[in-house]
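Q: Below is start.cif; it holds mmCIF, C-alpha atoms.
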data_model
#
loop_
_atom_site.label_atom_id
_atom_site.label_comp_id
_atom_site.auth_asym_id
_atom_site.auth_seq_id
_atom_site.Cartn_x
_atom_site.Cartn_y
_atom_site.Cartn_z
CA MET A 1375 53.76 127.85 8.54
CA ILE A 1376 54.68 124.85 10.71
CA ASP A 1377 57.52 122.62 9.58
CA GLU A 1378 55.84 119.22 9.17
CA ALA A 1379 59.18 117.51 9.78
CA ILE A 1380 58.95 118.18 13.53
CA PHE A 1381 56.11 115.66 13.89
CA LYS A 1382 57.98 112.40 14.44
CA ALA A 1383 56.90 108.81 15.03
CA TYR A 1384 57.12 109.13 18.82
CA ASP A 1385 57.31 112.84 19.62
CA ILE A 1386 57.45 116.40 18.30
CA ARG A 1387 61.05 117.54 17.92
CA GLY A 1388 63.12 120.11 16.04
CA ILE A 1389 65.80 122.80 16.15
CA TYR A 1390 64.99 125.81 18.33
CA PRO A 1391 63.86 128.39 17.31
CA ASP A 1392 63.89 127.74 13.55
CA GLN A 1393 61.73 124.61 13.52
CA LEU A 1394 60.21 124.63 17.00
CA ASN A 1395 59.53 127.77 19.00
CA GLU A 1396 57.19 129.45 21.49
CA ASP A 1397 54.39 129.89 18.94
CA ILE A 1398 54.42 126.17 18.17
CA ALA A 1399 54.59 125.32 21.88
CA TYR A 1400 51.48 127.42 22.49
CA LYS A 1401 49.62 125.65 19.69
CA VAL A 1402 50.77 122.21 20.85
CA GLY A 1403 49.37 122.97 24.30
CA ARG A 1404 46.04 124.03 22.86
CA ALA A 1405 45.87 121.08 20.47
CA LEU A 1406 46.72 118.47 23.12
CA VAL A 1407 43.88 119.67 25.37
CA THR A 1408 41.52 119.79 22.40
CA TYR A 1409 42.46 116.28 21.24
CA LEU A 1410 42.18 114.62 24.65
CA ASN A 1411 39.37 116.89 25.91
CA CYS A 1412 41.06 116.91 29.30
CA ASP A 1413 41.07 119.32 32.23
CA GLN A 1414 44.56 118.68 33.65
CA ILE A 1415 48.00 118.11 32.13
CA ALA A 1416 51.20 117.33 34.02
CA VAL A 1417 54.17 119.12 32.45
CA GLY A 1418 57.87 118.51 33.06
CA GLN A 1419 60.93 119.94 31.38
CA ASP A 1420 64.59 119.12 30.86
CA VAL A 1421 67.54 121.47 31.32
CA ARG A 1422 67.83 122.83 27.78
CA LEU A 1423 68.19 126.59 27.61
CA SER A 1424 64.99 126.92 25.58
CA SER A 1425 62.87 124.81 27.94
CA PRO A 1426 61.73 127.58 30.36
CA SER A 1427 60.35 129.84 27.62
CA LEU A 1428 58.78 126.89 25.82
CA PHE A 1429 57.12 125.89 29.08
CA GLU A 1430 55.62 129.37 29.51
CA SER A 1431 54.08 129.27 26.03
CA LEU A 1432 52.98 125.65 26.30
CA ALA A 1433 51.33 126.30 29.67
CA ARG A 1434 49.55 129.37 28.32
CA GLY A 1435 48.20 127.30 25.43
CA ILE A 1436 46.98 124.59 27.81
CA ASN A 1437 45.33 127.19 30.04
CA ASP A 1438 43.70 129.00 27.10
CA SER A 1439 42.04 125.73 26.11
CA GLY A 1440 40.55 125.26 29.56
CA ALA A 1441 42.96 122.89 31.34
CA ASP A 1442 45.13 123.30 34.42
CA VAL A 1443 48.89 122.77 34.21
CA TYR A 1444 50.53 120.78 36.99
CA HIS A 1445 54.12 121.94 36.69
CA LEU A 1446 56.52 119.14 37.67
CA GLY A 1447 59.60 121.35 37.23
CA VAL A 1448 62.92 120.05 35.91
CA ILE A 1449 62.58 116.26 35.95
CA SER A 1450 63.29 113.17 33.87
CA THR A 1451 60.91 111.88 31.22
CA ASP A 1452 60.29 108.74 33.23
CA GLY A 1453 59.44 111.04 36.15
CA MET A 1454 56.70 112.59 34.02
CA TYR A 1455 55.32 109.13 33.16
CA PHE A 1456 55.36 108.25 36.86
CA ALA A 1457 53.48 111.42 37.77
CA VAL A 1458 50.74 110.74 35.24
CA GLY A 1459 50.31 107.15 36.43
CA LYS A 1460 50.72 107.77 40.16
CA TYR A 1461 48.50 110.83 40.57
CA GLY A 1462 45.92 109.97 37.91
CA PHE A 1463 46.52 112.87 35.53
CA PRO A 1464 44.63 112.48 32.24
CA ALA A 1465 47.68 113.58 30.24
CA GLY A 1466 51.35 114.49 30.48
CA ILE A 1467 53.90 116.29 28.36
CA MET A 1468 57.66 116.49 28.72
CA ILE A 1469 59.62 119.34 27.16
CA THR A 1470 62.77 117.60 25.94
CA ALA A 1471 64.81 116.60 22.93
CA SER A 1472 66.22 113.61 24.80
CA HIS A 1473 69.77 112.87 23.60
CA ASN A 1474 69.92 115.49 20.81
CA PRO A 1475 72.35 118.45 20.88
CA GLY A 1476 71.43 121.54 22.85
CA GLN A 1477 69.89 123.47 19.96
CA TYR A 1478 67.08 120.92 19.73
CA ASN A 1479 63.95 120.71 21.83
CA GLY A 1480 60.58 119.01 21.65
CA PHE A 1481 57.62 117.39 23.35
CA LYS A 1482 57.00 113.81 24.48
CA MET A 1483 53.33 113.27 25.27
CA CYS A 1484 51.13 110.68 26.92
CA ARG A 1485 47.53 110.25 27.91
CA GLU A 1486 46.05 108.67 31.06
CA LYS A 1487 47.95 105.78 32.68
CA ALA A 1488 51.12 107.00 30.91
CA ILE A 1489 49.89 105.60 27.56
CA PRO A 1490 52.14 107.23 24.93
CA LEU A 1491 50.97 109.34 22.02
CA SER A 1492 52.61 108.47 18.71
CA GLY A 1493 52.35 109.17 15.01
CA ASP A 1494 49.86 106.32 14.73
CA GLU A 1495 47.70 107.61 17.55
CA GLY A 1496 47.72 111.20 18.70
CA ILE A 1497 50.57 113.12 17.11
CA ASP A 1498 49.07 113.25 13.61
CA GLU A 1499 45.74 114.34 15.08
CA ILE A 1500 47.45 117.11 17.07
CA ARG A 1501 49.15 118.31 13.87
CA GLU A 1502 45.78 118.44 12.08
CA ILE A 1503 44.17 120.39 14.92
CA ILE A 1504 47.03 122.90 14.77
CA ASN A 1505 46.77 123.25 11.00
CA LYS A 1506 43.03 123.83 11.20
CA GLY A 1507 43.34 126.21 14.16
CA GLN A 1508 40.25 124.73 15.80
CA PHE A 1509 40.97 124.70 19.54
CA ARG A 1510 38.85 124.21 22.62
CA GLU A 1511 38.32 127.44 24.54
CA GLY A 1512 38.53 128.02 28.27
CA THR A 1513 40.71 129.13 31.16
CA GLY A 1514 43.06 127.29 33.48
CA LYS A 1515 45.73 127.79 36.11
CA ILE A 1516 49.28 126.61 36.85
CA VAL A 1517 49.86 124.47 39.95
CA GLU A 1518 53.31 123.47 41.20
CA LYS A 1519 53.71 119.71 41.77
CA ILE A 1520 56.98 118.38 43.19
CA ILE A 1521 57.45 114.62 42.73
CA THR A 1522 61.13 113.97 43.55
CA GLU A 1523 60.66 112.25 46.91
CA ASP A 1524 57.69 110.17 45.74
CA TYR A 1525 59.49 109.05 42.60
CA VAL A 1526 62.68 108.09 44.43
CA GLU A 1527 60.58 106.04 46.89
CA HIS A 1528 58.88 104.37 43.89
CA ILE A 1529 62.23 103.50 42.29
CA LEU A 1530 63.58 102.01 45.50
CA GLY A 1531 60.43 99.89 45.77
CA PHE A 1532 61.75 97.69 42.95
CA ILE A 1533 64.63 96.37 45.08
CA ASN A 1534 65.51 95.41 48.64
CA VAL A 1535 68.02 98.06 49.61
CA ASN A 1536 69.40 95.79 52.33
CA ASN A 1537 70.68 93.46 49.58
CA LEU A 1538 73.22 96.15 48.67
CA LYS A 1539 74.84 96.31 52.09
CA PRO A 1540 77.94 94.38 53.20
CA PRO A 1541 78.28 91.47 53.89
CA ALA A 1542 76.16 90.90 50.75
CA VAL A 1543 79.25 92.23 48.98
CA GLU A 1544 82.82 92.55 50.24
CA HIS A 1545 82.65 96.32 50.12
CA PRO A 1546 80.07 98.94 49.20
CA LEU A 1547 79.66 98.92 45.43
CA ARG A 1548 81.70 101.67 43.78
CA VAL A 1549 79.55 103.11 41.00
CA VAL A 1550 80.51 105.73 38.42
CA VAL A 1551 77.50 107.66 37.13
CA ASP A 1552 77.64 110.05 34.16
CA CYS A 1553 74.49 112.10 33.58
CA GLY A 1554 76.02 114.23 30.82
CA ASN A 1555 74.77 117.39 32.57
CA GLY A 1556 71.19 116.31 31.85
CA VAL A 1557 68.36 115.91 34.34
CA GLY A 1558 69.48 112.51 35.68
CA GLY A 1559 71.75 114.01 38.31
CA ILE A 1560 68.75 115.39 40.19
CA PHE A 1561 67.49 111.89 40.93
CA ILE A 1562 70.88 110.16 41.19
CA LYS A 1563 71.95 112.41 44.05
CA LYS A 1564 68.70 111.74 45.89
CA LEU A 1565 68.82 107.97 45.22
CA PHE A 1566 72.32 107.64 46.63
CA GLU A 1567 71.14 109.15 49.90
CA TYR A 1568 69.38 105.79 50.38
CA LEU A 1569 71.70 103.40 48.52
CA PRO A 1570 74.59 101.94 50.55
CA CYS A 1571 76.93 102.39 47.59
CA LYS A 1572 79.82 104.71 46.82
CA LEU A 1573 78.86 107.22 44.13
CA ILE A 1574 81.64 108.48 41.86
CA PRO A 1575 79.88 111.37 40.08
CA MET A 1576 80.49 112.59 36.55
CA TYR A 1577 78.65 115.63 35.23
CA LEU A 1578 75.66 115.37 37.54
CA GLU A 1579 75.06 119.13 37.56
CA PRO A 1580 72.27 120.06 35.11
CA ASP A 1581 73.57 122.38 32.39
CA GLY A 1582 71.70 122.94 29.14
CA ASN A 1583 74.94 123.86 27.40
CA PHE A 1584 76.11 120.23 27.80
CA PRO A 1585 79.68 121.47 28.22
CA ASN A 1586 81.43 118.11 28.60
CA HIS A 1587 79.86 115.85 25.97
CA LEU A 1588 76.51 115.36 24.30
CA PRO A 1589 73.99 113.52 26.52
CA ASN A 1590 73.82 110.63 24.06
CA PRO A 1591 75.46 107.49 25.48
CA ILE A 1592 74.64 105.37 22.46
CA GLU A 1593 77.55 107.06 20.65
CA PRO A 1594 80.93 105.60 21.74
CA GLU A 1595 82.69 108.97 21.93
CA ASN A 1596 80.25 110.06 24.66
CA THR A 1597 81.07 107.10 26.92
CA GLN A 1598 84.82 107.11 26.39
CA GLU A 1599 85.46 109.02 29.62
CA ILE A 1600 83.24 106.91 31.87
CA ARG A 1601 84.64 103.68 30.41
CA GLN A 1602 88.16 104.82 31.22
CA LYS A 1603 87.13 106.06 34.67
CA VAL A 1604 85.59 102.71 35.65
CA VAL A 1605 88.81 100.90 34.73
CA ASP A 1606 91.19 103.47 36.23
CA ILE A 1607 89.61 103.48 39.68
CA ASN A 1608 88.62 99.80 39.66
CA ALA A 1609 84.91 100.59 40.02
CA ASP A 1610 82.30 97.84 40.12
CA LEU A 1611 80.27 99.34 37.29
CA GLY A 1612 79.25 102.54 35.58
CA ALA A 1613 75.98 104.01 34.32
CA ALA A 1614 75.54 106.67 31.63
CA PHE A 1615 72.16 108.38 31.24
CA ASP A 1616 70.86 110.32 28.27
CA GLY A 1617 69.65 113.92 28.45
CA ASP A 1618 66.16 113.21 29.81
CA ALA A 1619 67.34 110.16 31.82
CA ASP A 1620 64.77 107.69 30.52
CA ARG A 1621 67.57 105.57 29.03
CA VAL A 1622 70.60 104.05 30.72
CA PHE A 1623 73.72 102.43 29.29
CA LEU A 1624 75.69 100.29 31.70
CA VAL A 1625 79.46 99.88 31.78
CA ASP A 1626 80.91 96.71 33.32
CA ASN A 1627 84.04 96.63 35.45
CA LYS A 1628 86.15 95.92 32.36
CA GLY A 1629 85.04 99.22 30.83
CA ARG A 1630 82.67 97.70 28.26
CA VAL A 1631 79.36 99.37 27.39
CA LEU A 1632 76.79 96.59 27.57
CA ASN A 1633 74.33 95.83 24.81
CA GLY A 1634 70.76 96.68 25.80
CA GLY A 1635 69.65 93.12 25.17
CA ILE A 1636 72.29 91.80 27.57
CA VAL A 1637 71.20 94.24 30.28
CA GLY A 1638 67.61 93.19 29.57
CA ALA A 1639 68.59 89.54 30.02
CA LEU A 1640 70.16 90.27 33.41
CA ILE A 1641 67.12 92.25 34.56
CA ALA A 1642 64.81 89.47 33.34
CA ARG A 1643 66.78 86.94 35.34
CA SER A 1644 66.48 89.06 38.48
CA LEU A 1645 62.74 89.59 38.03
CA LEU A 1646 62.10 85.89 37.35
CA HIS A 1647 63.58 85.03 40.72
CA LYS A 1648 60.98 87.32 42.29
CA GLU A 1649 58.04 86.47 40.00
CA PRO A 1650 58.50 83.05 38.33
CA GLN A 1651 56.83 82.26 35.00
CA SER A 1652 56.38 85.93 34.12
CA LYS A 1653 56.08 87.28 30.58
CA PHE A 1654 58.67 89.55 28.96
CA VAL A 1655 58.68 91.63 25.77
CA TYR A 1656 61.78 92.31 23.67
CA ASN A 1657 62.09 94.20 20.42
CA ILE A 1658 63.04 92.36 17.28
CA ILE A 1659 66.63 93.63 17.20
CA CYS A 1660 67.41 92.88 20.86
CA SER A 1661 70.10 90.27 21.41
CA ARG A 1662 68.59 86.78 21.39
CA VAL A 1663 70.44 86.29 24.67
CA MET A 1664 67.45 87.93 26.35
CA ARG A 1665 64.98 85.45 24.92
CA GLU A 1666 67.27 82.56 25.87
CA MET A 1667 67.60 83.88 29.43
CA VAL A 1668 63.84 84.30 29.86
CA GLU A 1669 63.12 80.80 28.59
CA LYS A 1670 65.95 79.25 30.63
CA TYR A 1671 64.44 80.58 33.86
CA GLY A 1672 60.87 79.59 33.01
CA GLY A 1673 59.47 82.81 31.61
CA THR A 1674 57.72 83.58 28.32
CA ALA A 1675 59.44 85.85 25.77
CA ILE A 1676 57.29 87.88 23.38
CA LYS A 1677 58.76 89.54 20.29
CA SER A 1678 57.79 93.12 19.37
CA ARG A 1679 58.38 95.78 16.78
CA VAL A 1680 60.92 98.45 17.69
CA GLY A 1681 59.62 101.43 19.67
CA HIS A 1682 57.67 102.17 22.83
CA ALA A 1683 54.45 102.65 20.88
CA PHE A 1684 54.57 98.90 20.18
CA ILE A 1685 56.30 97.58 23.31
CA LYS A 1686 53.91 99.15 25.82
CA PRO A 1687 50.63 97.92 24.27
CA LEU A 1688 52.05 94.40 24.04
CA MET A 1689 53.07 94.50 27.67
CA ARG A 1690 49.57 95.58 28.64
CA LYS A 1691 47.98 92.92 26.44
CA TYR A 1692 50.00 90.07 27.95
CA ASP A 1693 50.50 91.56 31.43
CA ALA A 1694 54.25 91.36 30.81
CA ILE A 1695 56.38 92.28 33.80
CA PHE A 1696 59.23 93.79 31.76
CA GLY A 1697 60.16 94.98 28.28
CA ALA A 1698 63.57 95.75 26.77
CA GLU A 1699 65.03 97.46 23.74
CA HIS A 1700 68.56 97.46 22.38
CA SER A 1701 68.61 101.26 22.67
CA GLY A 1702 68.68 101.38 26.48
CA HIS A 1703 64.92 101.66 27.04
CA PHE A 1704 63.64 99.34 29.77
CA TYR A 1705 59.94 99.09 30.59
CA PHE A 1706 58.29 97.89 33.79
CA ARG A 1707 54.71 96.77 34.37
CA ASP A 1708 54.80 98.13 37.91
CA ASN A 1709 55.95 101.49 36.53
CA PHE A 1710 52.70 101.95 34.60
CA TYR A 1711 54.32 100.00 31.72
CA ALA A 1712 56.60 102.99 31.13
CA ASP A 1713 60.36 103.00 30.60
CA SER A 1714 62.79 104.03 33.31
CA GLY A 1715 66.56 104.01 33.14
CA LEU A 1716 66.69 104.66 36.90
CA ILE A 1717 64.69 101.54 37.78
CA ALA A 1718 66.83 99.40 35.46
CA PHE A 1719 69.92 100.84 37.12
CA VAL A 1720 68.93 99.96 40.69
CA ILE A 1721 67.87 96.43 39.70
CA ILE A 1722 71.33 95.80 38.25
CA LEU A 1723 72.92 97.19 41.41
CA GLU A 1724 70.92 94.69 43.46
CA LEU A 1725 71.80 91.81 41.12
CA VAL A 1726 75.54 92.50 41.26
CA SER A 1727 75.36 92.84 45.04
CA GLN A 1728 73.74 89.43 45.42
CA GLU A 1729 76.12 87.50 43.18
CA ASN A 1730 79.57 86.15 43.97
CA GLU A 1731 80.76 87.39 40.58
CA ASP A 1732 81.38 90.85 39.23
CA LEU A 1733 79.31 92.35 36.42
CA ALA A 1734 81.81 91.41 33.70
CA GLN A 1735 81.74 87.78 34.83
CA LEU A 1736 77.94 87.75 34.85
CA VAL A 1737 77.93 89.12 31.30
CA ASP A 1738 80.60 86.75 29.99
CA LYS A 1739 78.64 83.75 31.29
CA ILE A 1740 75.57 84.58 29.17
CA ASP A 1741 76.81 86.59 26.18
CA ASN A 1742 78.02 84.07 23.63
CA ARG A 1743 77.12 86.17 20.60
CA PHE A 1744 78.92 88.64 18.35
CA ARG A 1745 77.20 91.70 16.92
CA ILE A 1746 77.87 94.94 15.09
CA ASP A 1747 76.65 98.42 15.84
CA GLU A 1748 73.52 99.29 13.89
CA THR A 1749 74.59 100.18 10.33
CA ASN A 1750 72.63 102.58 8.11
CA PHE A 1751 72.31 102.51 4.33
CA GLN A 1752 70.96 105.59 2.55
CA VAL A 1753 68.47 104.82 -0.22
CA ASP A 1754 66.45 106.87 -2.68
CA ASP A 1755 63.15 105.04 -2.28
CA ILE A 1756 62.67 103.06 0.95
CA SER A 1757 59.55 101.21 -0.19
CA GLU A 1758 61.06 100.01 -3.46
CA LYS A 1759 64.36 99.11 -1.83
CA MET A 1760 62.64 97.01 0.83
CA LYS A 1761 60.75 95.12 -1.87
CA GLU A 1762 64.00 94.55 -3.75
CA LEU A 1763 65.74 93.32 -0.59
CA GLU A 1764 62.90 90.91 0.12
CA ARG A 1765 63.15 89.44 -3.39
CA LYS A 1766 66.91 89.01 -3.08
CA LEU A 1767 66.67 87.35 0.33
CA LYS A 1768 64.02 84.93 -0.90
CA THR A 1769 66.25 84.07 -3.86
CA LYS A 1770 68.92 83.10 -1.33
CA GLY A 1771 66.44 80.73 0.28
CA TYR A 1772 65.87 82.67 3.47
CA THR A 1773 62.57 82.49 5.35
CA ILE A 1774 61.57 86.05 6.22
CA ASP A 1775 59.72 87.41 9.25
CA LYS A 1776 58.04 90.74 8.35
CA LEU A 1777 56.97 91.84 11.82
CA ASP A 1778 59.28 94.87 11.58
CA GLY A 1779 61.20 95.19 8.33
CA LEU A 1780 62.81 91.95 7.17
CA THR A 1781 64.15 89.51 9.74
CA VAL A 1782 65.93 86.21 9.12
CA GLU A 1783 66.58 83.88 12.08
CA MET A 1784 68.84 80.85 11.82
CA ASP A 1785 70.44 78.64 14.47
CA ASP A 1786 73.80 80.41 14.39
CA PHE A 1787 72.87 83.93 13.27
CA TRP A 1788 70.04 86.38 12.73
CA PHE A 1789 69.74 89.72 10.98
CA ASN A 1790 67.17 92.46 10.51
CA LEU A 1791 66.77 95.12 7.83
CA ARG A 1792 64.21 97.79 8.64
CA PRO A 1793 63.42 101.30 7.40
CA SER A 1794 63.98 104.40 9.50
CA ASN A 1795 60.85 106.24 10.63
CA THR A 1796 62.39 109.66 10.06
CA GLU A 1797 65.14 109.43 7.40
CA PRO A 1798 65.70 107.80 3.97
CA LEU A 1799 67.72 105.04 5.63
CA ILE A 1800 67.53 101.29 6.01
CA ARG A 1801 69.05 100.02 9.24
CA MET A 1802 70.97 96.74 9.46
CA ASN A 1803 71.46 94.67 12.62
CA ILE A 1804 73.26 91.32 12.74
CA GLU A 1805 74.12 88.89 15.54
CA ALA A 1806 76.06 85.65 15.10
CA LYS A 1807 77.73 82.91 17.14
CA SER A 1808 81.21 83.64 15.77
CA GLN A 1809 83.12 86.69 14.63
CA GLU A 1810 83.88 85.02 11.30
CA LEU A 1811 80.20 84.33 10.60
CA LEU A 1812 79.30 87.88 11.63
CA GLU A 1813 81.77 89.34 9.12
CA GLU A 1814 80.53 86.97 6.42
CA LYS A 1815 76.89 88.02 6.88
CA LYS A 1816 77.83 91.69 7.11
CA LYS A 1817 79.50 91.49 3.69
CA GLU A 1818 76.65 89.45 2.24
CA LEU A 1819 74.02 91.98 3.28
CA ALA A 1820 76.09 94.98 2.28
CA ARG A 1821 76.26 93.57 -1.25
CA LEU A 1822 72.48 93.68 -1.44
CA PHE A 1823 72.58 97.48 -1.37
CA ARG A 1824 74.90 97.82 -4.34
#
Represent the structure of the file as structure tokens.
A:
Amino acid sequence: MIDEAIFKAYDIRGIYPDQLNEDIAYKVGRALVTYLNCDQIAVGQDVRLSSPSLFESLARGINDSGADVYHLGVISTDGMYFAVGKYGFPAGIMITASHNPGQYNGFKMCREKAIPLSGDEGIDEIREIINKGQFREGTGKIVEKIITEDYVEHILGFINVNNLKPPAVEHPLRVVVDCGNGVGGIFIKKLFEYLPCKLIPMYLEPDGNFPNHLPNPIEPENTQEIRQKVVDINADLGAAFDGDADRVFLVDNKGRVLNGGIVGALIARSLLHKEPQSKFVYNIICSRVMREMVEKYGGTAIKSRVGHAFIKPLMRKYDAIFGAEHSGHFYFRDNFYADSGLIAFVIILELVSQENEDLAQLVDKIDNRFRIDETNFQVDDISEKMKELERKLKTKGYTIDKLDGLTVEMDDFWFNLRPSNTEPLIRMNIEAKSQELLEEKKKELARLFR
């Protein structure tokens, strides 16, 4: 019996081998081919210890349903998206549990043009096909497909490498990169063969045991070392990648981990210099600094629900050049609308190289807001609690935006309350123009949960 809990909003994920194992991998392979009725699937994998055996079973399932497997090897998730878009594969699947601890594993899936499968479109259907056991029949083969050189060339195509060379800056940029022993090191080493920057490596060697820290840079304890390293050696900036390297968290030269919305604002500024009047998408809990930056430089900012299943279709609809999320996901139209931490990283390198100010100064000039880390409140009944919160907020006279949860936007603050997709939690995000106002709103909202 399959544990239904492994079917998430954006992927299939669980603890190996209790929740997710080789039998499930085989069935996922068969079901994905059956659902998409395709003849080829590109498959990549991360460095987790369970990934090789899961690949063998997944590939066998794909073959037994009549499709060929194009094995991309150990790569990043954004590398898999690139392969699907670049080479015209009708589908792709990445064996990964992203930032989760080593005992987890899972599958991120997409269809043609790197269009993601989600709970709203694809994942639920795959679960039903598995439960019914009705699979397409056939035979297929495994073909090795190496993409490293092509993908590195693609990443470098987003910048002018010559902008990174002295005298554009006084000295080659000194960059600390922490890949947390995930897959990112494979591409970072290759990228820095072409980048005229000084790489200070941290945990670039892939190791599915994750011996140094979890590959989850959103948690402060996992960036403590890189933050200290940047300050101690007087580096220009740092970059921390998650386990499958589709997300990046940047550290400025003062040792501060930058909010995803701030990084998005800086990237938007850079892109607007190259393509004026472009459109940009940001999720509803991104810092409003991004929207302000886009509008200041003549672009159009479009608000979205949280999650790539919403960001990517909006970008396609409006031909948006770029999309950003607070969580370190950055999306690029010219990357098949897919997210890539590596592309975001090189764009920031180019921006810092071209400015007469360091990264901390660039951030301080635009970031005039105060915010808290996302705060979770456990509730018994999410639906009823959201209705109760809406009533209470209306009683206080707030006008509510219901695009994604409950959002209130005022001149000097905004906040959002939205339910988790996977847990009985309601998540709170607040941003304000003063620390005092931030604390006031934090207390006000916390009282609503009592």
Q: Expand the PyMOL selection byres ((chain A and resi 1517) around 9) into the explicit residue set it covers here, and present it as a PyMOL selection string.
A: chain A and resi 1442-1446+1515-1516+1518-1519
Q: Could you list, as a PyMOL selection string, every residue matched by the PyMOL selection byres ((chain A and resi 1463) around 8) in this structure?
A: chain A and resi 1414-1416+1457-1459+1461-1462+1464-1466+1486-1487
Q: When the PyMOL selection byres ((chain A and resi 1684-1692) around 9) is applied to the file above, which residues end up in the set, as a PyMOL selection string?
A: chain A and resi 1489-1490+1653-1657+1676-1683+1693-1699+1705-1707+1711-1713
Q: Give me the residues of stretch 1551-1576 of chain A that have any atom at most 12 Å from an atom of stretch 1592-1598 of chain A; for each, the nearest atom pair and the distance in Å, rounded to one decimal. Use all atoms listed in the file, sort by chain and number, and format it as CSV.
A:
residue,atom,partner,partner_atom,distance
A:Val1551,CA,A:Thr1597,CA,10.8
A:Asp1552,CA,A:Thr1597,CA,8.5
A:Cys1553,CA,A:Thr1597,CA,10.6
A:Gly1554,CA,A:Asn1596,CA,8.6
A:Met1576,CA,A:Thr1597,CA,11.1
Q: Give the answer as one residue: which of A:Val1421, A:Glu1724, A:Arg1665, A:Ala1441 has the shortest atom-to-atom distance to A:Asp1581, using only C-alpha atoms?
A: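 Of the candidates, the smallest distance to A:Asp1581 is held by A:Val1421.
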